[in-house]
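S.K.: Contents of data29.txt (compact mmCIF, C-alpha atoms) are given next:
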# COMPACT_ATOMS: atom_id res chain seq x y z
CA MET C 186 0.00 0.00 0.00
CA ARG C 187 2.71 2.41 -0.97
CA LYS C 188 2.92 3.65 -4.51
CA ILE C 189 -0.77 4.06 -5.33
CA LEU C 190 -1.60 5.40 -1.88
CA PHE C 191 1.29 7.89 -1.94
CA LEU C 192 0.11 9.32 -5.26
CA VAL C 193 -3.56 9.44 -4.29
CA LEU C 194 -2.80 10.84 -0.85
CA LEU C 195 -0.46 13.58 -1.96
CA LEU C 196 -2.65 14.70 -4.82
CA ALA C 197 -5.60 14.82 -2.43
CA LEU C 198 -3.86 16.40 0.54
CA LEU C 199 -1.94 18.97 -1.45
CA PRO C 200 -4.37 20.26 -4.07
CA GLN C 201 -2.15 23.26 -4.65
CA ILE C 202 0.66 21.01 -6.00
CA ARG C 203 0.41 20.60 -9.77
CA VAL C 204 2.65 18.05 -11.34
CA GLY C 205 2.98 17.44 -13.73
CA GLY C 206 19.71 23.13 -31.49
CA GLN C 207 19.24 19.45 -29.80
CA GLY C 208 15.48 19.25 -29.77
CA MET C 209 13.33 17.86 -26.98
CA ASP C 210 14.53 14.25 -26.95
CA GLY C 211 15.66 12.77 -23.65
CA PRO C 212 14.96 13.27 -19.96
CA TRP C 213 14.24 16.69 -18.42
CA LYS C 214 14.14 17.36 -14.70
CA GLY C 215 12.82 20.18 -12.59
CA LYS C 216 11.55 21.12 -9.14
CA LEU C 217 7.88 21.85 -8.66
CA LYS C 218 7.35 24.12 -5.67
CA ALA C 219 4.08 24.69 -3.85
CA GLY C 220 4.27 26.22 -0.42
CA ALA C 221 6.59 24.19 1.79
CA GLN C 222 6.43 21.19 -0.53
CA GLU C 223 8.84 20.50 -3.37
CA LEU C 224 8.48 17.66 -5.86
CA THR C 225 11.05 16.44 -8.36
CA MET C 226 9.47 16.04 -11.78
CA VAL C 227 11.11 14.24 -14.72
CA LEU C 228 9.77 14.16 -18.27
CA HIS C 229 11.03 11.48 -20.65
CA ILE C 230 10.45 12.77 -24.20
CA ASP C 231 10.78 10.76 -27.41
CA GLU C 232 10.20 13.04 -30.39
CA GLY C 233 10.42 10.22 -32.92
CA LYS C 234 7.78 8.09 -31.25
CA LYS C 235 5.81 11.13 -30.08
CA THR C 236 5.64 9.79 -26.53
CA VAL C 237 6.10 11.46 -23.15
CA THR C 238 6.16 9.87 -19.70
CA MET C 239 6.47 11.57 -16.33
CA ASP C 240 8.12 10.58 -13.05
CA ILE C 241 7.26 12.17 -9.71
CA ILE C 242 10.21 11.04 -7.64
CA GLU C 243 9.00 11.78 -4.11
CA GLN C 244 5.76 9.93 -4.76
CA GLY C 245 7.43 6.88 -6.28
CA ALA C 246 5.26 7.43 -9.37
CA MET C 247 7.35 6.39 -12.34
CA GLY C 248 6.58 6.18 -16.05
CA LEU C 249 3.18 7.89 -15.96
CA GLU C 250 2.00 7.93 -19.57
CA MET C 251 0.93 11.33 -20.88
CA GLN C 252 -1.28 12.13 -23.85
CA VAL C 253 0.66 14.13 -26.39
CA LYS C 254 -1.40 16.97 -27.81
CA SER C 255 1.56 18.76 -29.40
CA LEU C 256 5.29 17.98 -29.60
CA THR C 257 7.86 19.82 -31.70
CA ASP C 258 11.59 20.35 -31.33
CA ASP C 259 11.02 23.38 -29.12
CA SER C 260 7.60 23.01 -27.45
CA LEU C 261 5.16 20.51 -26.05
CA LEU C 262 1.67 20.21 -24.63
CA VAL C 263 0.85 16.99 -22.75
CA SER C 264 -1.80 15.83 -20.30
CA ILE C 265 -3.11 13.08 -18.02
CA PRO C 266 -6.87 13.53 -18.35
CA LYS C 267 -7.91 11.26 -15.49
CA LEU C 268 -5.82 13.43 -13.14
CA MET C 269 -7.04 16.64 -14.80
CA LEU C 270 -3.38 17.48 -15.35
CA THR C 271 -1.61 19.30 -18.19
CA PHE C 272 1.90 20.53 -18.84
CA SER C 273 2.91 23.01 -21.51
CA GLY C 274 6.46 24.14 -22.11
CA LYS C 275 8.74 26.06 -24.45
CA ARG C 276 12.39 25.09 -24.95
CA THR C 277 15.13 27.68 -25.09
CA GLY C 278 18.52 26.01 -25.41
CA ASP C 279 18.86 23.44 -22.64
CA LYS C 280 15.97 24.80 -20.59
CA ILE C 281 12.24 24.26 -20.76
CA LYS C 282 10.10 26.94 -19.17
CA GLY C 283 6.66 25.56 -18.60
CA THR C 284 3.39 25.64 -16.73
CA PHE C 285 2.01 22.71 -14.83
CA VAL C 286 -1.76 22.79 -14.28
CA GLN C 287 -4.05 20.52 -12.32
CA ARG C 288 -7.69 21.37 -11.70
CA LEU C 289 -7.14 24.81 -13.23
CA GLN C 290 -4.42 25.81 -10.76
CA PRO C 291 -1.15 26.70 -12.56
CA LEU C 292 2.42 26.45 -11.31
CA LYS C 293 5.50 27.65 -13.17
CA VAL C 294 8.41 25.22 -13.50
CA GLU C 295 11.80 25.39 -15.19
CA MET C 296 13.34 22.14 -16.37
CA GLU C 297 16.86 21.25 -17.46
CA ARG C 298 18.28 18.32 -19.38
CA GLY C 299 19.11 15.21 -17.38
CA ASP C 300 17.63 12.44 -15.29
CA VAL C 301 17.87 11.87 -11.54
CA SER C 302 19.75 9.06 -9.87
CA TYR C 303 20.73 8.17 -6.33
CA LYS C 304 23.35 6.00 -4.68
CA ARG C 305 22.17 2.53 -3.71
CA PRO C 306 25.25 0.85 -2.19
CA GLN C 307 23.38 -2.35 -1.25
CA GLU C 308 22.26 -3.13 -4.78
CA PRO C 309 24.02 -6.36 -5.83
CA ILE C 310 26.65 -6.13 -8.55
CA PRO C 311 27.55 -9.10 -10.77
CA PRO C 312 29.18 -11.53 -11.06
CA PHE C 313 27.07 -13.39 -8.51
CA PRO C 314 28.27 -16.50 -6.65
CA TYR C 315 24.94 -18.26 -7.22
CA GLN C 316 22.66 -19.39 -10.02
CA THR C 317 19.62 -17.51 -11.36
CA GLU C 318 17.01 -18.63 -13.84
CA GLU C 319 14.28 -16.77 -15.71
CA VAL C 320 11.03 -18.69 -15.15
CA ARG C 321 7.31 -18.41 -15.80
CA PHE C 322 4.29 -19.85 -14.03
CA VAL C 323 0.58 -19.65 -14.82
CA ASN C 324 -2.35 -18.67 -12.63
CA PRO C 325 -5.18 -20.69 -14.20
CA VAL C 326 -7.85 -18.70 -12.35
CA ALA C 327 -6.99 -15.51 -14.28
CA ASN C 328 -5.09 -17.18 -17.13
CA ASP C 329 -2.16 -14.84 -16.59
CA THR C 330 1.49 -15.78 -16.86
CA LEU C 331 3.83 -14.45 -14.20
CA SER C 332 7.47 -13.95 -15.13
CA GLY C 333 10.17 -13.98 -12.50
CA THR C 334 13.67 -14.82 -11.35
CA LEU C 335 14.38 -18.05 -9.51
CA THR C 336 17.57 -17.68 -7.45
CA TYR C 337 19.38 -20.78 -6.22
CA PRO C 338 21.67 -20.56 -3.17
CA LEU C 339 25.37 -21.18 -2.91
CA GLY C 340 26.30 -24.83 -3.23
CA TYR C 341 22.97 -25.74 -4.82
CA LYS C 342 24.55 -28.02 -7.43
CA ASP C 343 26.52 -29.92 -4.81
CA LYS C 344 24.76 -33.31 -4.68
CA LYS C 345 25.88 -33.79 -1.10
CA ARG C 346 23.97 -30.72 -0.03
CA LYS C 347 20.40 -31.25 1.10
CA GLN C 348 17.61 -29.46 -0.72
CA PRO C 349 17.42 -25.79 0.29
CA PRO C 350 14.29 -23.96 1.44
CA VAL C 351 12.71 -21.45 -0.92
CA VAL C 352 10.58 -18.34 -0.47
CA LEU C 353 8.14 -16.78 -2.89
CA MET C 354 8.40 -12.98 -2.68
CA VAL C 355 5.12 -11.03 -2.90
CA THR C 356 5.19 -7.27 -3.40
CA GLY C 357 3.15 -4.57 -1.73
CA SER C 358 0.37 -2.50 -3.29
CA GLY C 359 0.75 -0.90 -6.68
CA ALA C 360 2.02 -2.47 -9.89
CA GLU C 361 5.64 -3.39 -9.23
CA ASN C 362 8.36 -5.41 -10.88
CA ARG C 363 10.04 -8.47 -9.41
CA ASP C 364 12.54 -6.32 -7.48
CA GLU C 365 9.70 -4.38 -5.83
CA GLU C 366 11.44 -1.33 -7.28
CA ILE C 367 10.44 2.01 -5.78
CA PHE C 368 12.26 5.27 -5.03
CA PHE C 369 15.28 3.85 -6.92
CA HIS C 370 15.45 1.03 -4.36
CA LYS C 371 15.21 -2.67 -5.27
CA PRO C 372 14.48 -4.34 -1.91
CA PHE C 373 13.54 -7.77 -3.27
CA PHE C 374 16.74 -7.90 -5.34
CA VAL C 375 18.75 -7.12 -2.21
CA ILE C 376 16.86 -9.73 -0.16
CA ALA C 377 17.18 -12.42 -2.85
CA ASP C 378 20.93 -11.83 -3.06
CA TRP C 379 21.30 -12.03 0.73
CA LEU C 380 19.25 -15.22 0.98
CA ALA C 381 21.18 -16.94 -1.81
CA ARG C 382 24.45 -16.18 -0.02
CA HIS C 383 23.00 -17.83 3.09
CA GLY C 384 21.64 -21.05 1.60
CA ILE C 385 18.05 -20.01 0.80
CA ALA C 386 16.43 -19.99 -2.64
CA SER C 387 13.83 -17.46 -3.76
CA LEU C 388 11.41 -16.63 -6.54
CA ARG C 389 10.48 -13.02 -7.17
CA TYR C 390 8.10 -12.11 -9.99
CA ASP C 391 6.60 -9.16 -11.83
CA ASP C 392 3.04 -8.29 -10.85
CA ARG C 393 0.34 -9.31 -13.32
CA GLY C 394 0.08 -7.00 -16.33
CA PHE C 395 3.40 -5.34 -15.45
CA ALA C 396 6.94 -5.64 -16.84
CA LYS C 397 7.22 -9.17 -18.32
CA SER C 398 4.06 -10.65 -16.75
CA THR C 399 0.82 -10.94 -18.69
CA GLY C 400 -2.71 -10.33 -17.49
CA VAL C 401 -4.60 -7.21 -16.48
CA TYR C 402 -3.54 -5.29 -13.40
CA GLU C 403 -6.27 -2.65 -13.39
CA GLY C 404 -9.33 -3.84 -11.50
CA ALA C 405 -7.52 -6.72 -9.80
CA THR C 406 -8.09 -7.13 -6.06
CA THR C 407 -6.05 -8.50 -3.18
CA GLN C 408 -7.78 -11.85 -3.71
CA ASP C 409 -6.62 -11.86 -7.33
CA PHE C 410 -3.04 -11.17 -6.25
CA SER C 411 -3.39 -13.95 -3.68
CA ASP C 412 -4.37 -16.31 -6.51
CA ASP C 413 -1.21 -15.28 -8.38
CA ALA C 414 0.92 -15.97 -5.31
CA GLU C 415 -0.75 -19.34 -4.71
CA ALA C 416 0.08 -20.30 -8.31
CA GLY C 417 3.70 -19.40 -7.56
CA ILE C 418 3.71 -21.64 -4.49
CA ARG C 419 2.30 -24.54 -6.52
CA TYR C 420 4.96 -23.97 -9.15
CA LEU C 421 7.78 -24.10 -6.61
CA ARG C 422 6.42 -27.31 -5.10
CA SER C 423 6.10 -28.87 -8.57
CA LEU C 424 9.84 -28.48 -9.14
CA GLY C 425 10.64 -30.91 -6.34
CA LYS C 426 13.92 -29.10 -5.65
CA PHE C 427 13.22 -27.55 -2.26
CA SER C 428 12.86 -28.80 1.29
CA LYS C 429 10.31 -26.21 2.46
CA VAL C 430 8.30 -23.63 0.54
CA GLY C 431 7.53 -20.38 2.30
CA LEU C 432 6.37 -16.89 1.46
CA LEU C 433 8.07 -13.56 2.09
CA GLY C 434 5.66 -10.67 1.63
CA HIS C 435 5.96 -6.95 2.12
CA SER C 436 2.99 -4.78 3.11
CA GLU C 437 -0.05 -6.07 1.17
CA GLY C 438 2.14 -9.03 0.18
CA GLY C 439 2.55 -9.90 3.86
CA GLY C 440 -1.23 -9.82 4.26
CA ILE C 441 -1.50 -12.20 1.31
CA GLY C 442 0.89 -14.43 3.22
CA TYR C 443 -1.69 -14.81 6.00
CA MET C 444 -4.37 -15.56 3.40
CA LEU C 445 -2.33 -18.44 2.00
CA ALA C 446 -1.16 -19.62 5.42
CA ALA C 447 -4.82 -19.91 6.47
CA LYS C 448 -5.22 -22.42 3.61
CA ASP C 449 -2.12 -24.36 4.74
CA ALA C 450 -0.56 -23.51 1.36
CA ILE C 451 2.86 -22.54 2.77
CA ASP C 452 5.33 -24.04 5.23
CA PHE C 453 6.41 -20.74 6.82
CA LEU C 454 5.79 -17.01 6.47
CA VAL C 455 8.01 -13.94 6.66
CA SER C 456 5.74 -10.89 6.89
CA LEU C 457 7.40 -7.50 6.46
CA SER C 458 4.80 -5.05 7.77
CA GLY C 459 2.04 -7.26 6.47
CA PRO C 460 -1.39 -6.09 7.67
CA ALA C 461 -3.00 -8.42 10.18
CA CYS C 462 -5.93 -6.27 11.30
CA LYS C 463 -9.05 -4.55 9.97
CA ILE C 464 -7.95 -2.50 6.99
CA ASP C 465 -10.38 0.39 7.50
CA THR C 466 -8.91 0.96 10.97
CA LEU C 467 -5.39 0.67 9.60
CA MET C 468 -6.14 3.17 6.83
CA MET C 469 -7.57 5.69 9.28
CA VAL C 470 -4.31 5.66 11.25
CA GLN C 471 -2.18 5.60 8.10
CA LEU C 472 -3.89 8.59 6.51
CA ASN C 473 -3.55 10.65 9.66
CA LEU C 474 0.10 9.76 10.24
CA ILE C 475 1.18 10.42 6.65
CA SER C 476 -0.74 13.67 6.40
CA ARG C 477 0.79 14.93 9.63
CA SER C 478 4.28 13.98 8.41
CA GLN C 479 3.62 16.24 5.43
CA GLY C 480 2.53 19.25 7.41
CA VAL C 481 -1.23 18.81 7.87
CA ALA C 482 -2.08 20.17 11.31
CA SER C 483 -5.00 17.94 12.29
CA ASP C 484 -6.35 14.46 11.62
CA ILE C 485 -8.20 14.11 8.34
CA CYS C 486 -10.09 11.00 9.51
CA LYS C 487 -11.75 10.59 12.90
CA THR C 488 -13.17 7.12 12.34
CA PRO C 489 -12.59 4.10 10.07
CA GLU C 490 -15.77 5.11 8.25
CA ASP C 491 -14.23 8.51 7.55
CA ALA C 492 -11.18 6.79 6.06
CA CYS C 493 -13.35 4.67 3.77
CA LYS C 494 -15.29 7.68 2.54
CA TYR C 495 -12.09 9.66 2.03
CA LEU C 496 -10.36 6.93 0.02
CA LYS C 497 -13.42 6.20 -2.12
CA ALA C 498 -13.74 9.92 -2.85
CA THR C 499 -10.09 10.33 -3.81
CA SER C 500 -9.99 7.14 -5.93
CA PRO C 501 -13.52 6.70 -7.33
CA GLY C 502 -14.18 3.42 -9.09
CA ASN C 503 -10.93 1.84 -7.85
CA LYS C 504 -11.93 -1.80 -7.42
CA TRP C 505 -8.73 -2.71 -5.62
CA MET C 506 -9.27 0.07 -3.07
CA GLU C 507 -12.91 -0.83 -2.47
CA TYR C 508 -12.00 -4.48 -1.88
CA PHE C 509 -8.96 -3.73 0.23
CA ILE C 510 -10.54 -1.31 2.69
CA ALA C 511 -13.37 -3.79 3.31
CA MET C 512 -10.95 -6.53 4.34
CA ASP C 513 -10.35 -7.87 7.83
CA LEU C 514 -7.15 -9.94 7.98
CA ARG C 515 -7.74 -11.20 11.53
CA PRO C 516 -9.68 -14.35 10.55
CA TYR C 517 -6.79 -15.35 8.25
CA VAL C 518 -4.23 -14.70 10.98
CA ALA C 519 -6.27 -16.84 13.39
CA LYS C 520 -5.98 -19.79 10.97
CA THR C 521 -2.23 -19.37 10.42
CA HIS C 522 -0.61 -22.43 11.99
CA CYS C 523 2.72 -22.40 10.15
CA PRO C 524 5.71 -20.58 11.74
CA VAL C 525 5.58 -16.80 11.29
CA LEU C 526 8.27 -14.15 11.41
CA ALA C 527 6.28 -10.89 11.66
CA LEU C 528 8.54 -7.86 11.39
CA GLY C 529 7.44 -4.28 11.95
CA ALA C 530 9.14 -0.89 11.92
CA GLU C 531 8.82 1.77 14.59
CA ASN C 532 8.61 4.64 12.08
CA ASP C 533 6.27 2.83 9.70
CA LEU C 534 3.47 5.27 8.83
CA ASN C 535 1.74 2.84 6.46
CA VAL C 536 1.35 -0.20 8.72
CA PRO C 537 2.13 1.14 12.19
CA PRO C 538 2.96 -1.62 14.70
CA SER C 539 0.85 0.14 17.33
CA VAL C 540 -2.21 -0.99 15.38
CA ASN C 541 -1.02 -4.10 13.60
CA ASN C 542 0.75 -5.93 16.41
CA GLU C 543 -2.28 -5.80 18.67
CA ALA C 544 -4.17 -7.93 16.14
CA LEU C 545 -1.19 -10.25 15.73
CA GLU C 546 -0.81 -10.84 19.44
CA GLN C 547 -4.53 -11.46 19.88
CA CYS C 548 -5.16 -13.64 16.81
CA LEU C 549 -1.98 -15.48 15.82
CA PRO C 550 -2.06 -19.06 17.18
CA LYS C 551 0.67 -19.88 19.67
CA ASN C 552 3.73 -21.43 18.09
CA PRO C 553 7.18 -21.56 19.72
CA LYS C 554 8.74 -20.72 16.34
CA ASN C 555 6.74 -17.51 15.90
CA VAL C 556 8.63 -14.24 16.26
CA ILE C 557 7.06 -10.75 16.38
CA LYS C 558 9.64 -8.00 16.29
CA VAL C 559 9.65 -4.21 15.84
CA TYR C 560 12.81 -2.37 14.75
CA PRO C 561 13.47 1.10 16.15
CA GLY C 562 14.22 3.87 13.67
CA LEU C 563 13.09 2.00 10.54
CA SER C 564 10.41 3.00 8.05
CA HIS C 565 7.85 1.00 6.07
CA LEU C 566 10.62 0.06 3.65
CA PHE C 567 12.77 -1.22 6.55
CA HIS C 568 15.56 1.26 6.07
CA HIS C 569 16.65 3.83 8.65
CA SER C 570 14.43 6.90 8.44
CA PRO C 571 14.13 9.40 11.34
CA THR C 572 10.58 10.40 10.41
CA GLY C 573 9.33 7.53 8.27
CA ASN C 574 7.92 10.11 5.84
CA PRO C 575 7.48 8.10 2.62
CA ILE C 576 8.20 11.02 0.28
CA LEU C 577 11.75 11.20 1.66
CA ALA C 578 12.57 7.55 0.91
CA PHE C 579 14.29 8.36 -2.38
CA GLN C 580 16.89 10.42 -0.49
CA ILE C 581 17.95 7.49 1.74
CA GLU C 582 20.85 5.41 0.39
CA GLU C 583 20.19 2.32 2.51
CA THR C 584 17.72 -0.07 0.87
CA ILE C 585 17.09 -2.37 3.83
CA SER C 586 18.64 -2.61 7.28
CA PRO C 587 21.35 -5.31 7.54
CA GLU C 588 19.83 -6.35 10.86
CA VAL C 589 16.57 -7.19 9.11
CA LEU C 590 18.36 -9.24 6.46
CA GLN C 591 20.28 -11.14 9.13
CA ASP C 592 17.15 -11.87 11.14
CA ILE C 593 15.28 -13.15 8.08
CA SER C 594 17.94 -15.62 6.98
CA GLU C 595 18.71 -16.87 10.49
CA TRP C 596 15.03 -17.42 11.29
CA ILE C 597 14.29 -19.28 8.04
CA LEU C 598 17.25 -21.62 8.51
CA LEU C 599 16.32 -22.24 12.13
CA VAL C 600 12.70 -23.03 11.24
CA VAL C 601 13.41 -25.38 8.33
CA GLU C 602 16.21 -27.26 10.09
CA ASN C 603 14.24 -28.03 13.26
Could you render the structure as structure tokens?
M.R.:
Amino acid sequence: MRKILFLVLLLALLPQIRVGGQGMDGPWKGKLKAGAQELTMVLHIDEGKKTVTMDIIEQGAMGLEMQVKSLTDDSLLVSIPKLMLTFSGKRTGDKIKGTFVQRLQPLKVEMERGDVSYKRPQEPIPPFPYQTEEVRFVNPVANDTLSGTLTYPLGYKDKKRKQPPVVLMVTGSGAENRDEEIFFHKPFFVIADWLARHGIASLRYDDRGFAKSTGVYEGATTQDFSDDAEAGIRYLRSLGKFSKVGLLGHSEGGGIGYMLAAKDAIDFLVSLSGPACKIDTLMMVQLNLISRSQGVASDICKTPEDACKYLKATSPGNKWMEYFIAMDLRPYVAKTHCPVLALGAENDLNVPPSVNNEALEQCLPKNPKNVIKVYPGLSHLFHHSPTGNPILAFQIEETISPEVLQDISEWILLVVEN
């Protein structure tokens, strides 16, 4: 519940912010200022193909397709009608002076050539001391084909070595690739690399209808994504190469883990801020915490009902949202009998442990292998963040805390070997 919610929330909370000789080809970056807020906007222009996409870095919104109304070598006029957003600009040399308008409110912006990039020291660099394989598996319920990377651990080809455990990685909300890429971070890539170096296999895959996976993302619900994940679990079991098959899910993906655990579909679960409570209550707290982190003085939702009304109003017709906010994960948690590693983050504004862990402690069946842990100073993405403010995540170099990585691998090996 990150990318989509960030975009919806910020556009709703900050109505005054309006995003959005060499020709116009290439990336152009600029700062969009509105009051105390500042957003980094990047336009990717292809004159030959007559296409323009937009990134809003602080919101994790990447590759937003824009309708091209006019594009020459020195001017452009583009829009995103469903957001009531337009951008018009005139190039002079290596500068574009333009006007960004949303809902009739204009903001001036000056853009210069170039893209944005940030240091990510944890991102794995080849060559890798393990084996990877491009694979596909089919969800027969939706008839979609999920594409992913199967990573085998060190020593996998050694016949003397027993079969390793494997985890299926399930992303959070919003269409994401197999690396769960957001804010220039690739957390699932980092986790897969760490696990492989510690004797644990993994399968991470592109969400349906995104990157190399087929199917339709728009209109899909959490149940649909659960069906995709269940197909991945069946695929891993069909290979006959692994001792235990578990699931590692982040945010909504962690909630899907409880859904599959309740069906006895997995042998163990690693939930990274996976919701375990009533979602309308969680969303009420989330909306208030995020809005306050961005300068809103008072709560915008007093009750869970307020949160539902607010989210339906800011994302009308969003089937995923309507399904999600009506969910109660507690019955699934109560039927989860496999071992669970439930990790939370103190500065998580999306799935705050103060709300989520109460449901876990009340509903999760007793199991000596279960571990519930909250890390001080970490955000929803499990990297160190003093405020947890999601729009600042792109500025943080750390992708995921080494302590979290260590705890995940040690717990999985302990659970599968005993």
S.K.: Which one is closest to C:Pro538: C:Ile557, C:Leu445, C:Leu433, C:Leu526? Count only C-alpha atoms.
M.R.: C:Ile557
S.K.: Figure out the distance between atom CA of C:Val525 and atom CA of C:Lys554, please, to one decimal in Å.
M.R.: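 Separation between atom CA of C:Lys554 and atom CA of C:Val525: 7.1 Å.
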S.K.: Counting all atoms listed in the file, what is within 12 Å of C:Ile310, bar same-chain residues fewer than 4 positions away, as a JSON list (two decimals) with C-alpha atoms, in the coordinates of the input?
M.R.:
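out-v9.json, freshly written:
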[["chain", "number", "residue", "atom", "x", "y", "z"],
["C", 305, "ARG", "CA", 22.17, 2.53, -3.71],
["C", 306, "PRO", "CA", 25.25, 0.85, -2.19],
["C", 314, "PRO", "CA", 28.27, -16.50, -6.65],
["C", 374, "PHE", "CA", 16.74, -7.90, -5.34],
["C", 375, "VAL", "CA", 18.75, -7.12, -2.21],
["C", 378, "ASP", "CA", 20.93, -11.83, -3.06]]
S.K.: Padding 4 Å on each side, edges along x, y and z: where is the centre of the box around the listed atoms of stretch 234-244 of chain C, and how long are its edges in Å to one decimal? Output it as lines of an AutoDock Vina configuration file.
M.R.:
center_x = 7.9
center_y = 10.1
center_z = -17.7
size_x = 12.6
size_y = 12.1
size_z = 35.1
S.K.: Can you tell me how far atom CA of C:Ser260 sits from atom CA of C:Phe368, in Å to one decimal?
M.R.: 29.0 Å
S.K.: Go through C:Ala446, C:Val470, C:Pro460, C:Glu602 one by one, measure the shortest atom-to-atom distance of each to C:Lys347 using only C-alpha atoms, and give the residue with the smallest value.
M.R.: C:Glu602
S.K.: So which residues are close to (17.2, -20.0, 2.5), meaning at most 6 Å away in the file's coordinates with all atoms listed in the file counted, and can you show them as a list in words?
M.R.: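 Here the neighbourhood of the point contains Pro350, Val351, Leu380, Gly384, Ile385 and Ala386 of chain C.
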S.K.: Find the residues around stretch 572-586 of chain C up to 7 Å (all atoms listed in the file counted), leave out those fewer than 3 positions away in its own chain, and share them as a list of chain:residue names.
M.R.: C:Glu243, C:Gln244, C:Lys304, C:Arg305, C:Pro306, C:Gln307, C:Phe368, C:Phe369, C:His370, C:Pro372, C:Ile475, C:Ser478, C:Asn532, C:Asp533, C:Leu534, C:Ser564, C:Leu566, C:Phe567, C:His568, C:His569, C:Val589, C:Leu590
S.K.: Would you please work out which residue, of C:Ser594, C:Arg276, C:Thr488, C:Gln408, is nearest to C:Met512 when using all atoms listed in the file?
M.R.: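 Of C:Ser594, C:Arg276, C:Thr488, C:Gln408, the one nearest C:Met512, counting all atoms listed in the file, is C:Gln408.
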S.K.: Which residue gives the smallest distance to C:Phe285 among C:Met239, C:Ile593, C:Ile367, C:Leu217, with all atoms listed in the file counted?
M.R.: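 Selected residue with least distance to C:Phe285: C:Leu217.
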S.K.: Using atom CA of C:Leu528 and atom CA of C:Val559 as the two end points, give the distance in Å to one decimal.
M.R.: 5.9 Å
S.K.: List as number ranges by chain the protein and nucleic acid residues near C:Val352, meaning an atom at most 7 Å away when all atoms listed in the file are counted, but skip any in the same chain fewer than 5 places from it.
M.R.: C: 386-388, 430-433
S.K.: Using the selection just defined, write its residues with C-alpha atoms as a PDB file, in the frame of the given file.
M.R.:
ATOM      1  CA  ALA C 386      16.430 -19.990  -2.640  1.00  0.00           C
ATOM      2  CA  SER C 387      13.830 -17.460  -3.760  1.00  0.00           C
ATOM      3  CA  LEU C 388      11.410 -16.630  -6.540  1.00  0.00           C
ATOM      4  CA  VAL C 430       8.300 -23.630   0.540  1.00  0.00           C
ATOM      5  CA  GLY C 431       7.530 -20.380   2.300  1.00  0.00           C
ATOM      6  CA  LEU C 432       6.370 -16.890   1.460  1.00  0.00           C
ATOM      7  CA  LEU C 433       8.070 -13.560   2.090  1.00  0.00           C
TER       8      LEU C 433
END
S.K.: Considering all atoms listed in the file, return as a list of chain:residue names whatever protein or nucleic-acid residues lie within 12 Å of C:Glu319, sequence-local ones (same chain, fewer than 6 positions apart) excluded.
M.R.: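 Once the nearby chain positions are removed, what remains is C:Leu331, C:Ser332, C:Gly333, C:Thr334, C:Leu335, C:Thr336, C:Tyr337, C:Arg363, C:Ser387, C:Leu388, C:Arg389, C:Tyr390, C:Asp391, C:Lys397, C:Ser398.
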